[in-house]
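Q: target_0.cif is the file, holding mmCIF, C-alpha atoms:
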```cif
data_structure
loop_
_atom_site.label_atom_id
_atom_site.label_comp_id
_atom_site.auth_asym_id
_atom_site.auth_seq_id
_atom_site.Cartn_x
_atom_site.Cartn_y
_atom_site.Cartn_z
CA MET D 1 -3.98 -17.39 -13.32
CA ARG D 2 -7.62 -18.39 -13.46
CA THR D 3 -9.78 -17.00 -10.71
CA ASP D 4 -10.99 -20.46 -9.67
CA ASP D 5 -7.37 -21.55 -9.21
CA PHE D 6 -6.51 -18.47 -7.22
CA ILE D 7 -9.44 -19.22 -4.91
CA LYS D 8 -7.77 -22.51 -4.00
CA ALA D 9 -4.77 -20.61 -2.68
CA LEU D 10 -7.00 -18.28 -0.68
CA ALA D 11 -9.02 -21.17 0.75
CA ALA D 12 -5.80 -22.92 1.85
CA ASP D 13 -5.03 -19.90 4.01
CA THR D 14 -7.81 -20.37 6.56
CA ALA D 15 -5.60 -21.80 9.27
CA THR D 16 -4.56 -18.40 10.55
CA PRO D 17 -7.81 -16.62 11.40
CA GLN D 18 -7.44 -12.90 11.95
CA PRO D 19 -8.82 -11.40 15.15
CA ARG D 20 -12.12 -9.58 14.75
CA PRO D 21 -11.81 -5.79 14.87
CA ARG D 22 -13.70 -5.65 18.17
CA ARG D 23 -11.29 -8.01 19.86
CA ALA D 24 -8.18 -6.48 18.28
CA LEU D 25 -9.25 -2.97 19.24
CA GLY D 26 -10.28 -4.00 22.75
CA LEU D 27 -6.94 -5.64 23.34
CA ALA D 28 -5.04 -2.67 21.91
CA LEU D 29 -6.97 -0.26 24.09
CA ALA D 30 -6.28 -2.30 27.21
CA VAL D 31 -2.57 -2.42 26.38
CA GLY D 32 -2.49 1.28 25.48
CA VAL D 33 -4.26 2.32 28.69
CA ALA D 34 -1.94 0.13 30.77
CA LEU D 35 1.28 1.35 29.11
CA ALA D 36 0.29 5.02 29.27
CA GLY D 37 -0.72 4.46 32.92
CA ILE D 38 2.67 2.99 33.76
CA LEU D 39 4.48 5.86 32.02
CA PHE D 40 2.28 8.36 33.84
CA ALA D 41 2.82 6.74 37.23
CA VAL D 42 6.58 6.47 36.76
CA PHE D 43 7.35 9.89 35.28
CA LEU D 44 4.50 12.16 36.33
CA GLY D 45 1.92 11.03 38.87
CA PRO D 46 -1.18 12.90 40.04
CA ARG D 47 -1.13 16.32 41.69
CA ALA D 48 -0.34 16.50 45.40
CA ASP D 49 -3.75 17.85 46.43
CA ILE D 50 -5.74 15.28 44.50
CA ALA D 51 -7.65 14.15 47.59
CA ALA D 52 -9.07 17.64 48.02
CA ALA D 53 -9.58 18.21 44.29
CA ILE D 54 -11.67 15.08 43.87
CA GLY D 55 -14.48 16.70 45.83
CA THR D 56 -14.80 19.71 43.48
CA TRP D 57 -17.23 19.73 40.55
CA ARG D 58 -14.73 21.20 38.09
CA PHE D 59 -12.22 18.42 38.69
CA GLN D 60 -14.96 15.81 38.49
CA LEU D 61 -16.34 17.32 35.30
CA LYS D 62 -13.04 17.25 33.41
CA LEU D 63 -12.52 13.60 34.31
CA ILE D 64 -16.07 12.74 33.29
CA VAL D 65 -15.75 14.62 30.00
CA MET D 66 -12.55 12.75 29.19
CA ALA D 67 -14.05 9.41 30.17
CA VAL D 68 -17.10 10.09 28.01
CA LEU D 69 -14.85 11.12 25.12
CA LEU D 70 -12.88 7.91 25.54
CA ALA D 71 -15.96 5.69 25.63
CA SER D 72 -17.74 7.41 22.74
CA THR D 73 -14.61 7.32 20.57
CA VAL D 74 -14.28 3.58 21.16
CA VAL D 75 -17.84 3.13 19.88
CA VAL D 76 -17.17 5.32 16.84
CA LEU D 77 -13.82 3.76 16.00
CA LEU D 78 -15.27 0.27 16.25
CA ARG D 79 -17.92 1.22 13.70
CA LEU D 80 -15.33 2.79 11.43
CA THR D 81 -13.35 -0.45 11.18
CA HIS D 82 -16.01 -1.91 8.87
CA PRO D 83 -15.86 -0.98 5.18
CA ASP D 84 -19.63 -0.89 4.74
CA VAL D 85 -20.33 1.65 7.49
CA ARG D 86 -21.04 5.14 6.29
CA PRO D 87 -18.52 7.24 8.17
CA ARG D 88 -20.69 10.30 8.71
CA SER D 89 -23.54 8.61 10.54
CA ALA D 90 -21.01 6.71 12.66
CA LEU D 91 -19.55 9.92 14.08
CA LEU D 92 -22.60 11.09 16.06
CA PRO D 93 -21.50 9.79 19.51
CA LEU D 94 -18.48 12.10 19.28
CA ALA D 95 -20.79 15.03 20.03
CA LEU D 96 -21.47 13.74 23.55
CA ALA D 97 -18.29 14.90 25.31
CA PRO D 98 -18.33 18.40 23.74
CA LEU D 99 -21.98 18.81 24.74
CA LEU D 100 -21.13 17.89 28.31
CA LEU D 101 -18.24 20.33 28.28
CA VAL D 102 -20.47 23.11 26.93
CA THR D 103 -22.81 22.53 29.87
CA GLY D 104 -19.81 22.86 32.17
CA ILE D 105 -18.74 26.07 30.45
CA ALA D 106 -22.22 27.51 30.95
CA ALA D 107 -22.06 26.67 34.65
CA GLU D 108 -18.60 28.23 34.89
CA LEU D 109 -19.68 31.43 33.15
CA MET D 110 -22.71 31.76 35.42
CA SER D 111 -20.80 31.14 38.63
CA THR D 112 -17.69 33.29 38.05
CA PRO D 113 -17.12 37.02 37.37
CA PRO D 114 -16.39 37.91 33.70
CA GLU D 115 -13.03 39.50 34.68
CA SER D 116 -11.74 36.07 35.71
CA TRP D 117 -12.75 34.21 32.52
CA SER D 118 -9.64 34.98 30.55
CA ALA D 119 -7.31 33.95 33.39
CA ARG D 120 -9.32 30.75 33.89
CA ALA D 121 -9.10 29.86 30.21
CA MET D 122 -5.37 30.58 29.98
CA GLY D 123 -4.55 28.85 33.27
CA THR D 124 -0.92 28.26 34.22
CA ASN D 125 -0.34 24.88 32.61
CA SER D 126 -1.22 25.41 28.97
CA LEU D 127 2.24 24.50 27.67
CA VAL D 128 2.48 21.54 30.01
CA CYS D 129 -0.88 20.36 28.71
CA LEU D 130 0.18 20.78 25.09
CA THR D 131 3.33 18.77 25.80
CA ILE D 132 2.19 15.97 28.06
CA VAL D 133 -1.11 15.10 26.36
CA PRO D 134 0.43 14.39 22.91
CA LEU D 135 3.53 12.70 24.36
CA LEU D 136 1.59 10.39 26.64
CA ALA D 137 -0.79 9.64 23.76
CA LEU D 138 1.99 8.24 21.56
CA THR D 139 2.05 4.74 23.06
CA PRO D 140 -1.73 4.16 22.90
CA LEU D 141 -1.75 5.67 19.42
CA VAL D 142 0.86 3.24 18.11
CA VAL D 143 -0.90 0.24 19.67
CA VAL D 144 -4.32 1.25 18.36
CA PHE D 145 -2.91 1.88 14.89
CA ALA D 146 -1.32 -1.57 14.92
CA ALA D 147 -4.72 -3.09 15.72
CA LEU D 148 -6.40 -1.07 12.97
CA ARG D 149 -4.06 -2.49 10.36
CA ASN D 150 -6.28 -5.54 10.08
CA ALA D 151 -9.43 -3.44 9.81
CA ALA D 152 -10.91 -2.09 6.57
CA PRO D 153 -12.18 1.43 7.27
CA ALA D 154 -14.25 3.08 4.54
CA SER D 155 -12.25 6.22 5.27
CA PRO D 156 -8.69 5.53 6.47
CA ALA D 157 -8.18 9.21 7.28
CA LEU D 158 -11.28 9.33 9.47
CA ALA D 159 -10.35 6.10 11.24
CA GLY D 160 -6.90 7.58 11.82
CA ALA D 161 -8.43 10.75 13.28
CA ALA D 162 -10.65 8.71 15.58
CA ALA D 163 -7.61 6.73 16.72
CA GLY D 164 -5.91 10.06 17.46
CA ILE D 165 -8.85 11.24 19.54
CA LEU D 166 -8.96 7.90 21.35
CA ALA D 167 -5.27 8.02 22.23
CA GLY D 168 -5.64 11.69 23.18
CA ALA D 169 -8.55 10.88 25.47
CA VAL D 170 -6.58 8.13 27.23
CA SER D 171 -3.65 10.48 27.70
CA ALA D 172 -5.78 13.48 28.74
CA THR D 173 -7.62 11.40 31.34
CA TYR D 174 -4.31 10.72 33.08
CA TYR D 175 -3.13 14.26 32.55
CA ALA D 176 -6.35 15.63 34.08
CA THR D 177 -5.39 14.10 37.43
CA LEU D 178 -2.10 16.01 37.30
CA CYS D 179 -3.18 19.40 36.00
CA THR D 180 -4.26 22.02 38.56
CA ASP D 181 -6.25 24.03 36.02
CA ASP D 182 -9.73 22.66 36.50
CA SER D 183 -11.85 25.31 34.80
CA PRO D 184 -14.00 23.99 31.93
CA LEU D 185 -12.73 27.04 30.05
CA PHE D 186 -9.17 25.71 30.31
CA VAL D 187 -10.23 22.19 29.36
CA ALA D 188 -12.22 23.44 26.36
CA THR D 189 -9.27 25.46 25.13
CA TRP D 190 -6.10 23.48 25.72
CA TYR D 191 -7.32 19.91 25.86
CA THR D 192 -9.16 20.57 22.62
CA ILE D 193 -6.05 21.94 20.92
CA ALA D 194 -3.94 19.02 22.14
CA ILE D 195 -6.43 16.31 21.19
CA GLY D 196 -7.46 18.08 17.98
CA GLY D 197 -3.83 18.34 16.91
CA LEU D 198 -3.36 14.65 17.58
CA ALA D 199 -6.46 13.86 15.53
CA CYS D 200 -5.13 15.87 12.57
CA ILE D 201 -1.73 14.20 12.61
CA ALA D 202 -3.30 10.77 13.07
CA ALA D 203 -5.64 11.46 10.14
CA ILE D 204 -2.70 12.21 7.85
CA VAL D 205 -0.81 9.13 9.02
CA GLY D 206 -3.97 7.01 8.85
CA ARG D 207 -4.60 7.98 5.27
CA GLN D 208 -1.42 6.21 4.30
CA LEU D 209 -1.08 3.53 6.95
CA LEU D 210 -4.69 2.36 7.18
CA LYS D 211 -5.24 2.12 3.44
CA TRP D 212 -6.24 -1.38 2.39
CA MET N 1 -26.64 -25.18 -3.81
CA ARG N 2 -28.58 -22.14 -4.94
CA ASP N 3 -26.84 -18.84 -4.58
CA THR N 4 -29.08 -17.07 -2.11
CA PRO N 5 -27.73 -14.44 0.25
CA GLU N 6 -28.52 -16.67 3.24
CA ASP N 7 -26.53 -19.57 1.85
CA LEU N 8 -23.57 -17.39 1.03
CA ALA N 9 -23.54 -15.84 4.50
CA THR N 10 -23.72 -19.32 6.05
CA LEU N 11 -20.83 -20.54 3.90
CA MET N 12 -18.81 -17.45 4.71
CA ARG N 13 -19.42 -17.91 8.42
CA ALA N 14 -18.31 -21.55 8.26
CA GLY N 15 -15.35 -20.58 6.12
CA ARG N 16 -14.27 -17.94 8.57
CA ASP N 17 -14.34 -20.54 11.30
CA GLY N 18 -11.86 -22.65 9.34
CA ASP N 19 -14.03 -24.89 7.11
CA GLU N 20 -11.88 -24.86 3.98
CA ALA N 21 -14.42 -26.47 1.63
CA ALA N 22 -17.20 -24.10 2.67
CA TYR N 23 -14.85 -21.18 2.34
CA ARG N 24 -13.80 -22.18 -1.17
CA ARG N 25 -17.44 -22.44 -2.20
CA ALA N 26 -18.14 -19.05 -0.61
CA LEU N 27 -15.27 -17.45 -2.53
CA GLN N 28 -16.55 -18.97 -5.78
CA LEU N 29 -20.01 -17.51 -5.22
CA ILE N 30 -18.43 -14.22 -4.18
CA SER N 31 -16.30 -14.12 -7.32
CA ASP N 32 -19.44 -14.34 -9.47
CA ARG N 33 -21.01 -11.43 -7.66
CA VAL N 34 -17.87 -9.35 -7.63
CA ARG N 35 -17.43 -9.93 -11.36
CA GLY N 36 -20.91 -8.50 -11.85
CA TYR N 37 -20.16 -5.43 -9.72
CA VAL N 38 -16.83 -4.79 -11.41
CA ALA N 39 -18.25 -5.17 -14.91
CA TYR N 40 -21.04 -2.78 -13.99
CA GLY N 41 -18.65 -0.26 -12.45
CA TYR N 42 -16.31 -0.50 -15.43
CA GLN N 43 -19.09 0.05 -17.93
CA ALA N 44 -19.74 3.44 -16.41
CA TYR N 45 -16.23 4.41 -17.51
CA GLY N 46 -16.47 2.86 -20.93
CA TYR N 47 -14.22 -0.07 -20.11
CA HIS N 48 -15.05 -3.61 -21.00
CA GLY N 49 -14.18 -7.14 -20.17
CA GLU N 50 -10.46 -7.48 -20.40
CA GLU N 51 -9.29 -6.07 -17.09
CA VAL N 52 -12.33 -7.06 -15.08
CA GLU N 53 -10.68 -10.28 -13.94
CA ASP N 54 -7.67 -8.39 -12.54
CA VAL N 55 -9.97 -6.40 -10.29
CA VAL N 56 -11.98 -9.51 -9.41
CA GLN N 57 -8.84 -11.31 -8.22
CA GLU N 58 -7.55 -8.36 -6.25
CA THR N 59 -10.97 -7.97 -4.68
CA LEU N 60 -11.06 -11.65 -3.73
CA LEU N 61 -7.63 -11.29 -2.16
CA THR N 62 -8.89 -8.34 -0.13
CA VAL N 63 -12.12 -10.13 0.79
CA HIS N 64 -9.95 -12.94 2.10
CA LEU N 65 -7.48 -10.80 4.05
CA LYS N 66 -10.24 -8.58 5.48
CA ARG N 67 -12.83 -11.29 6.10
CA GLN N 68 -12.73 -10.54 9.82
CA THR N 69 -14.25 -7.09 9.16
CA TRP N 70 -17.58 -8.52 8.05
CA ASP N 71 -19.96 -8.13 10.97
CA GLU N 72 -22.10 -11.28 11.06
CA THR N 73 -25.09 -9.36 12.36
CA ARG N 74 -25.15 -7.40 9.11
CA PRO N 75 -25.85 -8.63 5.56
CA LEU N 76 -22.84 -9.74 3.52
CA GLU N 77 -23.82 -7.93 0.34
CA PRO N 78 -23.08 -4.31 1.35
CA TRP N 79 -19.76 -5.41 2.83
CA LEU N 80 -18.85 -7.12 -0.42
CA LYS N 81 -19.81 -4.08 -2.45
CA ALA N 82 -17.76 -1.80 -0.22
CA ILE N 83 -14.66 -3.97 -0.68
CA THR N 84 -15.22 -4.21 -4.43
CA ARG N 85 -15.71 -0.48 -4.69
CA ASN N 86 -12.44 0.15 -2.85
CA LYS N 87 -10.49 -2.03 -5.28
CA LEU N 88 -12.31 -0.64 -8.30
CA VAL N 89 -11.53 2.91 -7.24
CA ASP N 90 -7.87 1.93 -6.81
CA HIS N 91 -7.79 0.59 -10.34
CA LEU N 92 -9.55 3.57 -11.84
CA ARG N 93 -7.22 5.97 -10.02
CA ARG N 94 -4.23 4.19 -11.50
CA LYS N 95 -5.81 4.82 -14.88
CA GLY N 96 -6.13 8.50 -14.07
CA HIS N 97 -9.79 8.72 -13.08
CA ARG N 98 -10.50 10.84 -10.05
CA LYS N 99 -14.21 10.41 -9.61
CA VAL N 100 -15.45 7.79 -7.22
CA VAL N 101 -18.00 5.13 -8.06
CA PRO N 102 -20.87 5.36 -5.57
CA ILE N 103 -21.60 2.02 -3.93
CA ASP N 104 -25.33 2.39 -4.55
CA ASP N 105 -24.70 2.47 -8.27
CA PHE N 106 -24.11 -1.24 -8.19
CA ALA N 107 -27.43 -2.82 -9.04
CA GLU N 108 -28.88 -4.82 -6.18
CA THR N 109 -29.06 -8.07 -8.08
CA LEU N 110 -26.90 -8.14 -11.12
CA ALA N 111 -26.52 -11.22 -13.23
CA ALA N 112 -22.84 -12.05 -13.41
CA PRO N 113 -21.57 -12.30 -16.96
CA ALA N 114 -19.87 -15.47 -18.06
CA ASP N 115 -16.44 -15.94 -16.49
CA PRO N 116 -14.07 -14.14 -18.85
CA GLY N 117 -11.20 -15.52 -16.82
CA ALA N 118 -12.01 -18.93 -18.24
CA GLU N 119 -10.86 -17.98 -21.72
CA LEU N 120 -9.03 -14.70 -21.52
CA GLY N 121 -7.39 -14.89 -18.13
CA PRO N 122 -6.43 -11.71 -16.37
CA ARG N 123 -4.00 -9.44 -18.16
CA ASP N 124 -1.61 -8.75 -15.33
CA ASP N 125 0.40 -11.49 -13.75
CA LEU N 126 -1.01 -11.38 -10.26
CA LEU N 127 1.89 -13.29 -8.71
CA ALA N 128 4.69 -11.37 -10.45
CA PRO N 129 5.78 -9.47 -7.33
CA LEU N 130 6.37 -12.62 -5.27
CA ARG N 131 9.72 -14.17 -4.46
CA GLU N 132 10.60 -17.38 -6.27
CA ARG N 133 9.77 -19.76 -3.42
CA ASP N 134 6.55 -17.98 -2.40
CA ARG N 135 5.45 -17.98 -5.99
CA ALA N 136 6.11 -21.72 -6.24
CA ILE N 137 4.04 -22.32 -3.11
CA VAL N 138 1.08 -20.26 -4.31
CA GLU N 139 1.20 -21.79 -7.77
CA SER N 140 1.36 -25.38 -6.64
CA ILE N 141 -1.62 -24.88 -4.33
CA SER N 142 -3.66 -22.91 -6.86
CA ILE N 143 -2.80 -23.87 -10.45
CA GLU N 144 -1.58 -27.39 -9.68
CA GLY N 145 -4.22 -27.95 -7.01
CA HIS N 146 -1.96 -29.51 -4.37
CA SER N 147 -2.69 -29.43 -0.68
CA ALA N 148 -0.46 -27.59 1.76
CA ARG N 149 0.67 -30.99 3.03
CA GLU N 150 1.80 -32.11 -0.44
CA VAL N 151 3.60 -28.85 -1.09
CA ALA N 152 5.35 -29.19 2.26
CA ASP N 153 6.60 -32.69 1.39
CA ARG N 154 7.82 -31.59 -2.00
CA LEU N 155 9.69 -28.54 -0.74
CA GLY N 156 10.99 -30.27 2.37
CA MET N 157 9.20 -27.87 4.69
CA SER N 158 6.73 -28.44 7.49
CA GLU N 159 3.06 -27.95 6.66
CA GLY N 160 2.91 -25.11 9.18
CA ALA N 161 5.81 -23.36 7.46
CA VAL N 162 4.03 -23.67 4.10
CA ARG N 163 0.87 -22.13 5.54
CA VAL N 164 2.82 -19.29 7.12
CA ALA N 165 4.65 -18.66 3.84
CA LEU N 166 1.36 -18.73 1.95
CA HIS N 167 -0.22 -16.24 4.33
CA ARG N 168 2.77 -13.89 4.10
CA ALA N 169 2.79 -14.20 0.32
CA LEU N 170 -0.89 -13.25 0.10
CA LYS N 171 -0.36 -10.28 2.41
CA SER N 172 2.60 -9.03 0.41
CA LEU N 173 0.60 -9.46 -2.81
CA ALA N 174 -2.13 -7.27 -1.40
CA ALA N 175 0.40 -4.68 -0.25
CA PHE N 176 2.05 -4.66 -3.66
CA HIS N 177 -1.19 -4.16 -5.56
CA ARG N 178 -2.36 -1.54 -3.07
CA ASP N 179 0.76 0.59 -3.27
CA GLY N 180 1.72 -0.22 -6.83
#
```
For the structure just supplied, provide its representation as structure tokens.

A:
Amino acid sequence: MRTDDFIKALAADTATPQPRPRRALGLALAVGVALAGILFAVFLGPRADIAAAIGTWRFQLKLIVMAVLLASTVVVLLRLTHPDVRPRSALLPLALAPLLLVTGIAAELMSTPPESWSARAMGTNSLVCLTIVPLLALTPLVVVFAALRNAAPASPALAGAAAGILAGAVSATYYATLCTDDSPLFVATWYTIAIGGLACIAAIVGRQLLKW
Amino acid sequence: MRDTPEDLATLMRAGRDGDEAAYRRALQLISDRVRGYVAYGYQAYGYHGEEVEDVVQETLLTVHLKRQTWDETRPLEPWLKAITRNKLVDHLRRKGHRKVVPIDDFAETLAAPADPGAELGPRDDLLAPLRERDRAIVESISIEGHSAREVADRLGMSEGAVRVALHRALKSLAAFHRDG
């Protein structure tokens, strides 16, 4: 077929405009947050002493870190949906949440005796964290992936990883209201493993599924 | 109309908003540019003319299906190069090349060679993977130049159904050439 003829077929297909990545991703995020929230409320729910916990800096910090991770990953993922964006420079905002967490770790190390550090890092909920965070992340992950199918990321693997972090951040934000281990040492250890694992799996899936 | 970047971006914007004539013109201008990029990229590997048009058509298909990923606040050119590069890399991989063509290697303004598709035509049959009916729809709109309305009357379908079938056919074409 001649290229000029083929163009006629393409031009005839303008009636079904595709949603822009920003809109598609925004919608997917809203749906993912809502669905994960419903699942969390129905099956898990926040810890009993949440009213008291809300006043402590450690509890506040872990929620803020997760919220910052969520927001910065949205910014990064949105950039990654465009084929002409150089992935590496787009990733910078992802450093924000870890930096905040490092500040929290420094405060924790200065305010607690060294003998307690190991117990604080291990906590009592590590397995619960490693189970609930990935499980609760599944729904947002699927929805975000569906939205990314109409994107054109320069690196499908990287976009997949970012989607994994995003879903992990949504899930971990809910989980943080349930978990009684508030130490930044615990958050830096187990939340990182859970979200990092999600990112790795999502990168592998993304490499195949987000190819275009 | 002269082919300046501003004009092309304007046409593309109008085309994305549903102006079919503007969109067709935009795709024609884009095909000239893409042909230049592909020929340039191919030269680096010692290939010439014959398969360029295959890559051009697959790139146009991708440009069309991914048109929503062009950010209007950014220039069109780098976006176009990125899409072309993706398709070119796909093609070269299928031929056993592992190295990747850097986007910057495409010259900024490259004169497009004469349309080889006019005489040679592409080597692969682009529409081969389609089902009979989908193929008939795409062919009557493209090669025979009918409107969706006319095709609908001829096949006894509604115009909406023809457009849906066309869209699905284009998507499955892209999927086939991506995974094939």

Q: Name the residues that the PyMOL selection byres ((chain N) within 8 of (chain D)) pulls out of this structure, and write them as an MDAnalysis selection string.

A: chainID N and resid 15:21 23:24 27:28 31 53 56:57 60:62 64 66 68:71 78:79 81:83 117:118 121:122 125:126 138:139 141:143 145 147:148 163 166:167 170 175 178

Q: Could you tell me which of N:Val38, N:Leu155, N:Ala136, N:Ala9 comes closest to Pro75 of chain N if we count all atoms listed in the file?

A: N:Ala9

Q: Rank nothing, just name the residue among D:Ala163, D:Leu185, D:Val76, D:Leu69 nearest to Ser118 of chain D, using only C-alpha atoms.

A: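 Counting only C-alpha atoms, the residue closest to Ser118 of chain D is D:Leu185.
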
Q: Kindly give the distance, in Å, that separates atom CA of Leu77 of chain D and atom CA of Lys87 of chain N, rounded to a single decimal.

A: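 For atom CA of Leu77 of chain D relative to atom CA of Lys87 of chain N, the distance reads 22.3 Å.
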
Q: With the file shown as input, list the residues that the PyMOL selection byres ((chain D and resi 196) around 12) selects, as a list of chain:residue names.

A: D:Leu130, D:Val133, D:Pro134, D:Ala161, D:Ala162, D:Ala163, D:Gly164, D:Ile165, D:Leu166, D:Ala167, D:Gly168, D:Ala169, D:Ala172, D:Ala188, D:Thr189, D:Trp190, D:Tyr191, D:Thr192, D:Ile193, D:Ala194, D:Ile195, D:Gly197, D:Leu198, D:Ala199, D:Cys200, D:Ile201, D:Ala202, D:Ala203

Q: Atoms to include: C-alpha atoms. Write the selected residues as a compact mmCIF listing (two decimals), in the frame of the given file.

A:
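File part-v2.txt, as written:
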```txt
# COMPACT_ATOMS: atom_id res chain seq x y z
CA LEU D 130 0.18 20.78 25.09
CA VAL D 133 -1.11 15.10 26.36
CA PRO D 134 0.43 14.39 22.91
CA ALA D 161 -8.43 10.75 13.28
CA ALA D 162 -10.65 8.71 15.58
CA ALA D 163 -7.61 6.73 16.72
CA GLY D 164 -5.91 10.06 17.46
CA ILE D 165 -8.85 11.24 19.54
CA LEU D 166 -8.96 7.90 21.35
CA ALA D 167 -5.27 8.02 22.23
CA GLY D 168 -5.64 11.69 23.18
CA ALA D 169 -8.55 10.88 25.47
CA ALA D 172 -5.78 13.48 28.74
CA ALA D 188 -12.22 23.44 26.36
CA THR D 189 -9.27 25.46 25.13
CA TRP D 190 -6.10 23.48 25.72
CA TYR D 191 -7.32 19.91 25.86
CA THR D 192 -9.16 20.57 22.62
CA ILE D 193 -6.05 21.94 20.92
CA ALA D 194 -3.94 19.02 22.14
CA ILE D 195 -6.43 16.31 21.19
CA GLY D 197 -3.83 18.34 16.91
CA LEU D 198 -3.36 14.65 17.58
CA ALA D 199 -6.46 13.86 15.53
CA CYS D 200 -5.13 15.87 12.57
CA ILE D 201 -1.73 14.20 12.61
CA ALA D 202 -3.30 10.77 13.07
CA ALA D 203 -5.64 11.46 10.14
```

Q: What is the atom CA of Val143 of chain D-atom CA of Ser126 of chain D distance in Å, reported with one decimal?

A: 26.8 Å

Q: Can you turn the PyMOL selection byres ((chain D and resi 175-184) around 7) into a concrete residue list for this file, as a list in words?

A: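 Expected selection for the PyMOL selection byres ((chain D and resi 175-184) around 7) here is Gly45, Pro46, Arg47, Arg58, Phe59, Lys62, Leu63, Leu101, Gly104, Ile105, Glu108, Arg120, Gly123, Asn125, Val133, Ser171, Ala172, Thr173, Tyr174, Leu185, Phe186, Val187 and Ala188 of chain D.
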